[in-house]
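Heads up, protein.pdb below (PDB, C-alpha atoms, pLDDT in the B column):
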ATOM      1  CA  MET E 473      96.927 110.067  74.631  1.00 56.00           C
ATOM      2  CA  GLY E 474     100.343 108.616  73.780  1.00 76.00           C
ATOM      3  CA  LYS E 475     101.163 107.834  77.396  1.00 83.00           C
ATOM      4  CA  GLU E 476      97.870 106.071  78.038  1.00 88.00           C
ATOM      5  CA  GLU E 477      98.239 104.020  74.872  1.00 90.00           C
ATOM      6  CA  CYS E 478     101.765 103.000  75.862  1.00 90.00           C
ATOM      7  CA  LYS E 479     100.620 102.020  79.344  1.00 91.00           C
ATOM      8  CA  THR E 480      97.816  99.910  77.914  1.00 92.00           C
ATOM      9  CA  MET E 481     100.132  98.134  75.485  1.00 93.00           C
ATOM     10  CA  LEU E 482     102.722  97.530  78.190  1.00 93.00           C
ATOM     11  CA  ASP E 483     100.057  96.245  80.561  1.00 93.00           C
ATOM     12  CA  ALA E 484      98.966  93.729  77.928  1.00 93.00           C
ATOM     13  CA  LEU E 485     102.551  92.568  77.401  1.00 94.00           C
ATOM     14  CA  ASN E 486     103.150  92.156  81.136  1.00 93.00           C
ATOM     15  CA  LYS E 487     100.052  90.006  81.547  1.00 92.00           C
ATOM     16  CA  VAL E 488     100.896  87.775  78.600  1.00 93.00           C
ATOM     17  CA  THR E 489     104.471  87.264  79.799  1.00 94.00           C
ATOM     18  CA  ALA E 490     103.093  86.436  83.262  1.00 93.00           C
ATOM     19  CA  CYS E 491     100.797  83.843  81.666  1.00 92.00           C
ATOM     20  CA  TYR E 492     103.749  82.400  79.773  1.00 94.00           C
ATOM     21  CA  ARG E 493     105.785  82.065  82.959  1.00 93.00           C
ATOM     22  CA  HIS E 494     102.860  80.304  84.647  1.00 90.00           C
ATOM     23  CA  LEU E 495     102.708  77.799  81.775  1.00 91.00           C
ATOM     24  CA  VAL E 496     106.465  77.202  81.759  1.00 92.00           C
ATOM     25  CA  ILE E 497     106.259  76.117  85.403  1.00 89.00           C
ATOM     26  CA  ALA E 498     104.069  73.159  84.361  1.00 88.00           C
ATOM     27  CA  LEU E 499     106.609  71.852  81.816  1.00 88.00           C
ATOM     28  CA  GLY E 500     108.077  68.493  82.771  1.00 86.00           C
ATOM     29  CA  SER E 501     105.496  67.940  85.492  1.00 84.00           C
ATOM     30  CA  THR E 502     102.545  65.585  85.525  1.00 83.00           C
ATOM     31  CA  SER E 503     100.482  68.489  84.142  1.00 81.00           C
ATOM     32  CA  ASP E 504     102.604  68.486  80.965  1.00 84.00           C
ATOM     33  CA  SER E 505     100.779  67.555  77.766  1.00 85.00           C
ATOM     34  CA  GLN E 506     100.521  68.254  74.069  1.00 86.00           C
ATOM     35  CA  ASN E 507      97.920  70.924  74.828  1.00 87.00           C
ATOM     36  CA  LEU E 508     100.347  72.662  77.186  1.00 88.00           C
ATOM     37  CA  ARG E 509     103.029  72.727  74.482  1.00 89.00           C
ATOM     38  CA  GLU E 510     100.571  74.315  72.068  1.00 90.00           C
ATOM     39  CA  GLU E 511      99.471  76.816  74.711  1.00 90.00           C
ATOM     40  CA  LEU E 512     103.103  77.768  75.273  1.00 92.00           C
ATOM     41  CA  LYS E 513     103.635  78.284  71.563  1.00 92.00           C
ATOM     42  CA  LYS E 514     100.575  80.504  71.109  1.00 91.00           C
ATOM     43  CA  THR E 515     101.268  82.522  74.247  1.00 93.00           C
ATOM     44  CA  ARG E 516     104.883  83.013  73.229  1.00 94.00           C
ATOM     45  CA  LYS E 517     103.856  84.237  69.787  1.00 93.00           C
ATOM     46  CA  LYS E 518     101.366  86.647  71.330  1.00 94.00           C
ATOM     47  CA  ALA E 519     104.030  88.030  73.666  1.00 95.00           C
ATOM     48  CA  GLN E 520     106.402  88.639  70.774  1.00 95.00           C
ATOM     49  CA  GLU E 521     103.728  90.443  68.769  1.00 95.00           C
ATOM     50  CA  LEU E 522     103.017  92.738  71.723  1.00 95.00           C
ATOM     51  CA  ALA E 523     106.756  93.252  72.240  1.00 95.00           C
ATOM     52  CA  VAL E 524     107.210  94.468  68.662  1.00 94.00           C
ATOM     53  CA  ALA E 525     104.245  96.837  69.028  1.00 94.00           C
ATOM     54  CA  ASN E 526     105.615  98.234  72.299  1.00 94.00           C
ATOM     55  CA  ARG E 527     109.094  98.682  70.863  1.00 92.00           C
ATOM     56  CA  THR E 528     107.825 100.500  67.767  1.00 91.00           C
ATOM     57  CA  LYS E 529     105.597 102.849  69.760  1.00 91.00           C
ATOM     58  CA  LEU E 530     108.105 103.720  72.479  1.00 90.00           C
ATOM     59  CA  THR E 531     110.995 104.103  70.050  1.00 89.00           C
ATOM     60  CA  SER E 532     109.121 106.630  67.933  1.00 88.00           C
ATOM     61  CA  LEU E 533     108.076 108.631  71.011  1.00 88.00           C
ATOM     62  CA  LEU E 534     111.535 108.698  72.574  1.00 84.00           C
ATOM     63  CA  LYS E 535     113.068 109.849  69.288  1.00 86.00           C
ATOM     64  CA  ASP E 536     110.676 112.776  69.135  1.00 86.00           C
ATOM     65  CA  LYS E 537     112.637 115.925  70.034  1.00 85.00           C
ATOM     66  CA  THR E 538     109.509 118.014  70.565  1.00 89.00           C
ATOM     67  CA  ILE E 539     108.104 116.194  73.608  1.00 87.00           C
ATOM     68  CA  SER E 540     108.298 117.869  76.997  1.00 89.00           C
ATOM     69  CA  LYS E 541     110.772 116.932  79.697  1.00 87.00           C
ATOM     70  CA  GLU E 542     108.008 115.424  81.836  1.00 88.00           C
ATOM     71  CA  ASP E 543     106.711 113.277  78.973  1.00 88.00           C
ATOM     72  CA  ARG E 544     110.204 112.087  78.134  1.00 85.00           C
ATOM     73  CA  ALA E 545     110.775 111.042  81.744  1.00 86.00           C
ATOM     74  CA  GLU E 546     107.526 109.051  81.677  1.00 88.00           C
ATOM     75  CA  TYR E 547     108.387 107.359  78.376  1.00 87.00           C
ATOM     76  CA  GLU E 548     111.825 106.463  79.695  1.00 86.00           C
ATOM     77  CA  ARG E 549     110.213 104.906  82.752  1.00 87.00           C
ATOM     78  CA  LEU E 550     107.907 102.854  80.509  1.00 89.00           C
ATOM     79  CA  TRP E 551     110.907 101.885  78.394  1.00 87.00           C
ATOM     80  CA  VAL E 552     112.710 100.482  81.435  1.00 87.00           C
ATOM     81  CA  LEU E 553     109.598  98.499  82.402  1.00 89.00           C
ATOM     82  CA  PHE E 554     109.357  97.219  78.842  1.00 91.00           C
ATOM     83  CA  SER E 555     113.017  96.152  78.856  1.00 90.00           C
ATOM     84  CA  SER E 556     112.521  94.319  82.151  1.00 90.00           C
ATOM     85  CA  SER E 557     109.509  92.467  80.751  1.00 93.00           C
ATOM     86  CA  MET E 558     111.543  91.447  77.717  1.00 94.00           C
ATOM     87  CA  ASP E 559     114.347  90.168  79.943  1.00 93.00           C
ATOM     88  CA  LEU E 560     111.869  87.958  81.803  1.00 94.00           C
ATOM     89  CA  LEU E 561     110.374  86.702  78.547  1.00 95.00           C
ATOM     90  CA  GLU E 562     113.797  85.750  77.209  1.00 95.00           C
ATOM     91  CA  VAL E 563     114.689  83.918  80.427  1.00 95.00           C
ATOM     92  CA  ASP E 564     111.426  81.953  80.366  1.00 95.00           C
ATOM     93  CA  MET E 565     111.842  81.083  76.686  1.00 96.00           C
ATOM     94  CA  LYS E 566     115.298  79.672  77.393  1.00 95.00           C
ATOM     95  CA  ARG E 567     113.930  77.736  80.351  1.00 94.00           C
ATOM     96  CA  SER E 568     111.121  76.370  78.186  1.00 94.00           C
ATOM     97  CA  LEU E 569     113.664  75.215  75.601  1.00 93.00           C
ATOM     98  CA  GLU E 570     115.820  73.424  78.164  1.00 92.00           C
ATOM     99  CA  ILE E 571     112.928  71.676  79.884  1.00 90.00           C
ATOM    100  CA  GLY E 572     111.286  70.796  76.569  1.00 89.00           C
ATOM    101  CA  GLN E 573     114.493  69.121  75.429  1.00 89.00           C
ATOM    102  CA  ASP E 574     114.768  67.183  78.689  1.00 88.00           C
ATOM    103  CA  PHE E 575     111.121  66.050  78.653  1.00 86.00           C
ATOM    104  CA  PRO E 576     110.009  65.150  75.109  1.00 85.00           C
ATOM    105  CA  LEU E 577     106.430  63.867  75.054  1.00 81.00           C
ATOM    106  CA  LYS E 578     106.416  61.747  71.910  1.00 76.00           C
ATOM    107  CA  VAL E 579     109.451  59.666  72.865  1.00 72.00           C
ATOM    108  CA  PRO E 580     109.743  60.039  76.647  1.00 68.00           C
ATOM    109  CA  THR E 581     113.266  59.688  78.011  1.00 66.00           C
ATOM    110  CA  ARG E 582     112.415  60.214  81.672  1.00 69.00           C
ATOM    111  CA  HIS E 583     109.396  60.213  83.961  1.00 71.00           C
ATOM    112  CA  LEU E 584     107.439  63.415  84.464  1.00 71.00           C
ATOM    113  CA  ILE E 585     108.004  65.049  87.841  1.00 73.00           C
ATOM    114  CA  GLN E 586     105.259  64.920  90.453  1.00 67.00           C
ATOM    115  CA  THR E 587     105.263  68.556  91.535  1.00 64.00           C
ATOM    116  CA  GLY E 588     101.852  68.590  93.171  1.00 60.00           C
ATOM    117  CA  MET E 589     100.363  70.699  90.385  1.00 59.00           C
ATOM    118  CA  THR E 590      97.071  69.379  89.078  1.00 59.00           C
ATOM    119  CA  GLY E 591      94.474  70.448  86.583  1.00 61.00           C
ATOM    120  CA  SER E 592      94.550  72.066  83.186  1.00 67.00           C
ATOM    121  CA  THR E 593      96.377  75.237  82.172  1.00 74.00           C
ATOM    122  CA  THR E 594      93.742  76.110  79.582  1.00 72.00           C
ATOM    123  CA  THR E 595      92.294  79.002  81.593  1.00 76.00           C
ATOM    124  CA  VAL E 596      95.660  80.742  81.879  1.00 74.00           C
ATOM    125  CA  ALA E 597      96.356  80.285  78.167  1.00 73.00           C
ATOM    126  CA  ALA E 598      92.912  81.609  77.280  1.00 75.00           C
ATOM    127  CA  ARG E 599      93.593  84.744  79.300  1.00 70.00           C
ATOM    128  CA  ALA E 600      96.812  85.322  77.416  1.00 71.00           C
ATOM    129  CA  MET E 601      95.096  84.898  74.046  1.00 74.00           C
ATOM    130  CA  SER E 602      92.040  86.956  75.064  1.00 70.00           C
ATOM    131  CA  VAL E 603      89.638  84.144  74.173  1.00 70.00           C
ATOM    132  CA  GLN E 604      87.045  82.222  76.134  1.00 65.00           C
ATOM    133  CA  ASN E 605      87.953  78.777  74.814  1.00 69.00           C
ATOM    134  CA  MET E 606      91.269  77.564  73.458  1.00 71.00           C
ATOM    135  CA  LYS E 607      91.342  75.718  70.138  1.00 71.00           C
ATOM    136  CA  TYR E 608      93.954  73.016  69.772  1.00 75.00           C
ATOM    137  CA  GLU E 609      95.138  72.290  66.251  1.00 75.00           C
ATOM    138  CA  ALA E 610      98.777  71.263  66.622  1.00 66.00           C
ATOM    139  CA  ASP E 611     100.242  67.998  65.342  1.00 72.00           C
ATOM    140  CA  SER E 612     101.302  65.243  67.692  1.00 70.00           C
ATOM    141  CA  ASN E 613     104.976  66.081  67.160  1.00 74.00           C
ATOM    142  CA  ILE E 614     104.677  69.658  68.427  1.00 78.00           C
ATOM    143  CA  ASP E 615     106.946  68.955  71.388  1.00 74.00           C
ATOM    144  CA  THR E 616     109.915  68.359  69.055  1.00 77.00           C
ATOM    145  CA  ALA E 617     109.014  70.516  66.029  1.00 80.00           C
ATOM    146  CA  ASP E 618     108.319  73.598  68.128  1.00 87.00           C
ATOM    147  CA  LEU E 619     111.708  73.411  69.843  1.00 89.00           C
ATOM    148  CA  ARG E 620     113.411  74.421  66.601  1.00 88.00           C
ATOM    149  CA  ASP E 621     111.125  77.428  66.246  1.00 91.00           C
ATOM    150  CA  LEU E 622     111.642  78.307  69.894  1.00 93.00           C
ATOM    151  CA  GLN E 623     115.414  78.294  69.519  1.00 92.00           C
ATOM    152  CA  SER E 624     115.150  80.625  66.536  1.00 93.00           C
ATOM    153  CA  GLU E 625     112.751  82.935  68.368  1.00 94.00           C
ATOM    154  CA  ILE E 626     115.090  83.190  71.353  1.00 95.00           C
ATOM    155  CA  THR E 627     117.761  84.489  68.988  1.00 94.00           C
ATOM    156  CA  GLN E 628     115.299  86.970  67.499  1.00 94.00           C
ATOM    157  CA  VAL E 629     114.321  88.281  70.949  1.00 93.00           C
ATOM    158  CA  SER E 630     117.984  88.689  71.908  1.00 93.00           C
ATOM    159  CA  GLN E 631     118.668  90.593  68.688  1.00 93.00           C
ATOM    160  CA  MET E 632     115.638  92.806  69.231  1.00 91.00           C
ATOM    161  CA  MET E 633     116.845  93.712  72.715  1.00 87.00           C
ATOM    162  CA  GLU E 634     120.281  94.605  71.349  1.00 88.00           C
ATOM    163  CA  GLU E 635     118.709  96.796  68.674  1.00 87.00           C
ATOM    164  CA  MET E 636     116.584  98.475  71.339  1.00 82.00           C
ATOM    165  CA  GLU E 637     119.680  99.454  73.280  1.00 81.00           C
ATOM    166  CA  MET E 638     121.321 100.815  70.129  1.00 82.00           C
ATOM    167  CA  LYS E 639     118.313 102.885  68.998  1.00 80.00           C
ATOM    168  CA  VAL E 640     117.285 104.281  72.369  1.00 78.00           C
ATOM    169  CA  GLN E 641     119.853 104.787  75.079  1.00 72.00           C
ATOM    170  CA  VAL E 642     118.075 104.975  78.400  1.00 72.00           C
ATOM    171  CA  ALA E 643     120.062 104.447  81.585  1.00 65.00           C
ATOM    172  CA  PRO E 644     117.886 102.370  83.953  1.00 64.00           C
ATOM    173  CA  TRP E 645     119.624 103.759  87.031  1.00 57.00           C
ATOM    174  CA  ALA E 646     118.709 107.300  85.988  1.00 62.00           C
ATOM    175  CA  VAL E 647     114.976 106.593  85.808  1.00 67.00           C
ATOM    176  CA  GLU E 648     113.021 107.414  88.946  1.00 65.00           C
ATOM    177  CA  ALA E 649     110.177 105.199  90.098  1.00 65.00           C
ATOM    178  CA  LYS E 650     106.775 106.835  90.566  1.00 67.00           C
ATOM    179  CA  GLN E 651     105.643 104.543  93.363  1.00 61.00           C
ATOM    180  CA  GLU E 652     107.090 102.464  96.172  1.00 65.00           C
ATOM    181  CA  ALA E 653     108.333  98.954  95.496  1.00 64.00           C
ATOM    182  CA  GLY E 654     105.461  96.452  95.555  1.00 65.00           C
ATOM    183  CA  ALA E 655     102.793  99.150  95.462  1.00 61.00           C
ATOM    184  CA  GLU E 656     101.073  97.470  92.530  1.00 60.00           C
ATOM    185  CA  LEU E 657     100.546  94.349  94.627  1.00 64.00           C
ATOM    186  CA  LYS E 658      98.621  96.347  97.212  1.00 67.00           C
ATOM    187  CA  SER E 659      96.371  98.107  94.753  1.00 58.00           C
ATOM    188  CA  ASN E 660      92.765  97.008  94.304  1.00 53.00           C
ATOM    189  CA  MET E 661      92.705  97.792  90.601  1.00 49.00           C
ATOM    190  CA  SER E 662      90.488  95.574  88.484  1.00 43.00           C
ATOM    191  CA  VAL E 663      91.071  94.711  84.850  1.00 43.00           C
ATOM    192  CA  GLY E 664      92.579  97.718  83.114  1.00 44.00           C
ATOM    193  CA  ASN E 665      91.860  98.948  79.604  1.00 42.00           C
ATOM    194  CA  SER E 666      93.875  96.051  78.233  1.00 40.00           C
ATOM    195  CA  SER E 667      92.005  93.283  76.467  1.00 39.00           C
ATOM    196  CA  VAL E 668      94.005  90.668  78.340  1.00 38.00           C
ATOM    197  CA  GLY E 669      92.575  89.240  81.545  1.00 36.00           C
ATOM    198  CA  VAL E 670      94.250  89.907  84.846  1.00 35.00           C
ATOM    199  CA  ILE E 671      96.225  87.227  86.602  1.00 36.00           C
ATOM    200  CA  SER E 672      95.758  87.422  90.326  1.00 36.00           C
ATOM    201  CA  ILE E 673      99.298  87.822  91.624  1.00 33.00           C
ATOM    202  CA  CYS E 674      98.467  87.932  95.259  1.00 32.00           C
ATOM    203  CA  GLU E 675      95.357  87.277  97.246  1.00 34.00           C
ATOM    204  CA  GLU E 676      93.790  90.080  99.234  1.00 38.00           C
ATOM    205  CA  GLU E 677      94.850  89.906 102.831  1.00 38.00           C
ATOM    206  CA  PRO E 678      92.014  88.899 105.168  1.00 42.00           C
ATOM    207  CA  LYS E 679      90.650  91.762 107.185  1.00 44.00           C
ATOM    208  CA  GLU E 680      90.752  91.605 110.930  1.00 44.00           C
ATOM    209  CA  GLU E 681      87.436  90.937 112.566  1.00 43.00           C
ATOM    210  CA  GLU E 682      85.820  93.964 114.086  1.00 45.00           C
ATOM    211  CA  GLY E 683      85.142  94.135 117.818  1.00 48.00           C
ATOM    212  CA  GLY E 684      87.041  92.014 120.301  1.00 52.00           C
ATOM    213  CA  GLY E 685      88.200  89.263 117.984  1.00 53.00           C
ATOM    214  CA  GLY E 686      91.856  90.219 118.420  1.00 55.00           C
ATOM    215  CA  ARG E 687      91.528  90.563 122.188  1.00 61.00           C
ATOM    216  CA  ASP E 688      89.810  87.159 122.458  1.00 64.00           C
ATOM    217  CA  ALA E 689      92.594  85.521 120.531  1.00 62.00           C
ATOM    218  CA  GLY E 690      95.234  87.146 122.739  1.00 66.00           C
ATOM    219  CA  PHE E 691      93.433  86.065 125.921  1.00 69.00           C
ATOM    220  CA  ALA E 692      93.182  82.483 124.654  1.00 72.00           C
ATOM    221  CA  SER E 693      96.934  82.451 123.931  1.00 72.00           C
ATOM    222  CA  ILE E 694      97.743  83.657 127.444  1.00 77.00           C
ATOM    223  CA  CYS E 695      95.479  80.986 128.973  1.00 75.00           C
ATOM    224  CA  ALA E 696      97.180  78.311 126.919  1.00 75.00           C
ATOM    225  CA  VAL E 697     100.645  79.405 128.080  1.00 71.00           C
ATOM    226  CA  VAL E 698      99.561  79.525 131.731  1.00 74.00           C
ATOM    227  CA  GLY E 699      97.965  76.095 131.440  1.00 76.00           C
ATOM    228  CA  PHE E 700     101.137  74.675 129.922  1.00 74.00           C
ATOM    229  CA  PHE E 701     103.301  75.898 132.827  1.00 72.00           C
ATOM    230  CA  VAL E 702     100.777  74.551 135.383  1.00 75.00           C
ATOM    231  CA  ILE E 703     100.960  71.105 133.796  1.00 81.00           C
ATOM    232  CA  ILE E 704     104.780  71.195 133.790  1.00 78.00           C
ATOM    233  CA  THR E 705     104.831  72.243 137.451  1.00 79.00           C
ATOM    234  CA  VAL E 706     102.454  69.452 138.506  1.00 72.00           C
ATOM    235  CA  ALA E 707     104.499  66.892 136.590  1.00 73.00           C
ATOM    236  CA  VAL E 708     107.721  68.009 138.283  1.00 71.00           C
ATOM    237  CA  VAL E 709     106.138  67.837 141.783  1.00 71.00           C
ATOM    238  CA  LEU E 710     104.694  64.379 141.148  1.00 70.00           C
ATOM    239  CA  GLY E 711     108.026  63.159 139.867  1.00 68.00           C
ATOM    240  CA  TYR E 712     109.776  64.474 142.952  1.00 66.00           C
ATOM    241  CA  LEU E 713     107.283  62.749 145.259  1.00 67.00           C
ATOM    242  CA  VAL E 714     107.573  59.460 143.439  1.00 60.00           C
ATOM    243  CA  VAL E 715     111.387  59.523 143.661  1.00 62.00           C
ATOM    244  CA  ASN E 716     111.367  60.318 147.435  1.00 65.00           C
ATOM    245  CA  MET E 717     108.728  57.657 148.209  1.00 65.00           C
ATOM    246  CA  SER E 718     110.715  55.002 146.459  1.00 57.00           C
TER
END
Could I get this file's structure written as C-alpha cells?
Amino acid sequence: MGKEECKTMLDALNKVTACYRHLVIALGSTSDSQNLREELKKTRKKAQELAVANRTKLTSLLKDKTISKEDRAEYERLWVLFSSSMDLLEVDMKRSLEIGQDFPLKVPTRHLIQTGMTGSTTTVAARAMSVQNMKYEADSNIDTADLRDLQSEITQVSQMMEEMEMKVQVAPWAVEAKQEAGAELKSNMSVGNSSVGVISICEEEPKEEEGGGGRDAGFASICAVVGFFVIITVAVVLGYLVVNMS
C-alpha cells in the first residue's frame, strides 16, 4: 500500500511540474499576460505542496528499519525520481524569476517576443490545479509583487533539497532502473490514479497502412528517381546537339 501511495503522489508531482514548465515557456512571449502570471503562481504553489507531501512520506519510509530489502530498493528509486523532479522545479522557478524580471507587464521595458505560440494557457493550468475552470483573482501588480514571493520560494526549495540530502542519504548511481530509458514515452497508459490530468508528452506514432501501402510508396520513389535521370540524360544530349550544330 505504501509503494502505491508513493507512486501516486510522485505521479501527481511530476505532472504538476510538467505543467509549470509548459507555462514558463510562454513567459515573455506574446502569450504572456496577467492570467499567465497568476497561473504560474498557483501551479508553483501546488507543486510545492505536493513536494512537501512526497518528502514527508518517503523520508518516513526510508527511515523505517523494518522494511524489506526489496521495498527499500523501490523507495530509493522513487526518492531519486523525486529528487530529479525537484531539481527541474527549482530550475524552472529560477527561469521564471529571470524572465519575469526582464518582462514586467505593468511597466513594460521591452517588447514581448513573437515565438509563434498562440492561444491561452488556461487548460494546462487547470490540469495542474485539478479543476475544470480557472478562477482569476490576482491584482494587476501580480507580475512585480509575485517576484518577491518567487525569490523567497526558490530559497525554500533549495533548503528543502539540502535537508533531504542530510536526512536520507541515497546514492543516485547505486539505484537501478526498472525499465529502459524512454519506456514511459512508449507506454499507452491513460490517466493514472492521480487526480491530476495527464499532459500528452508525445503523440502516438502513426501506424503503417496494412497491405501494399509501403510497397506502393517504394515503387513510386523508384519511378521518380528513374524519371529524374531520364530527364537529365535528355537535357545533356540536347545540349550536346545544340553546341555541335552551332
Suppose a student applies the PyMOL selection byres ((chain E and resi 474) around 12) to this structure; what residues should they get, written as a JSON list (two decimals) with C-alpha atoms, in the coordinates of the input?
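So the final result, stored in result11.json, reads:
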[["chain", "number", "residue", "atom", "x", "y", "z"],
["E", 473, "MET", "CA", 96.93, 110.07, 74.63],
["E", 475, "LYS", "CA", 101.16, 107.83, 77.40],
["E", 476, "GLU", "CA", 97.87, 106.07, 78.04],
["E", 477, "GLU", "CA", 98.24, 104.02, 74.87],
["E", 478, "CYS", "CA", 101.76, 103.00, 75.86],
["E", 479, "LYS", "CA", 100.62, 102.02, 79.34],
["E", 480, "THR", "CA", 97.82, 99.91, 77.91],
["E", 481, "MET", "CA", 100.13, 98.13, 75.48],
["E", 526, "ASN", "CA", 105.62, 98.23, 72.30],
["E", 529, "LYS", "CA", 105.60, 102.85, 69.76],
["E", 530, "LEU", "CA", 108.10, 103.72, 72.48],
["E", 532, "SER", "CA", 109.12, 106.63, 67.93],
["E", 533, "LEU", "CA", 108.08, 108.63, 71.01],
["E", 534, "LEU", "CA", 111.54, 108.70, 72.57],
["E", 539, "ILE", "CA", 108.10, 116.19, 73.61],
["E", 543, "ASP", "CA", 106.71, 113.28, 78.97],
["E", 544, "ARG", "CA", 110.20, 112.09, 78.13],
["E", 546, "GLU", "CA", 107.53, 109.05, 81.68],
["E", 547, "TYR", "CA", 108.39, 107.36, 78.38],
["E", 550, "LEU", "CA", 107.91, 102.85, 80.51]]
Please write the residues picked by the PyMOL selection byres ((chain E and resi 488) around 9) on this file as an MDAnalysis selection string. chainID E and resid 483:487 489:493 515:516 518:519 522 597 599:601 668:669
First collect every listed atom of region 542-550 of chain E; then fit an axis-aligned box around them, widen it by 8 Å on each side, and give centre and edge lengths in Å to one decimal, as JSON.
{"center_x": 109.3, "center_y": 109.1, "center_z": 80.4, "size_x": 21.1, "size_y": 28.6, "size_z": 20.6}
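Considering all atoms listed in the file, the residue among E:Thr538, E:Ser568, E:Gln506, E:Ser555 positioned nearest to Glu637 (chain E) is E:Ser555.
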So which residues get picked by the PyMOL selection byres ((chain E and resi 577) around 9) here, written as a PyMOL selection string? chain E and resi 504-506+572+575-576+578-581+613-616
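Checking E:Val563, E:Met606, E:Ala498, E:Ile704 one by one against Thr627 (chain E), counting all atoms listed in the file, you find the shortest gap at E:Val563.
Atom pair CA of Ile571 (chain E) / CA of Ile585 (chain E): separated by 11.5 Å.
Interatomic distance, CA of Leu619 (chain E) against CA of Arg527 (chain E): 25.4 Å.
Of the residues listed (E:Ile497, E:Thr528, E:Gln628, E:Glu548), E:Ile497 shows the shortest atom-to-atom separation from Asp564 (chain E); distances use all atoms listed in the file.
Pairwise distance (CA of Arg549 (chain E), CA of Ser624 (chain E)) equals 29.6 Å.
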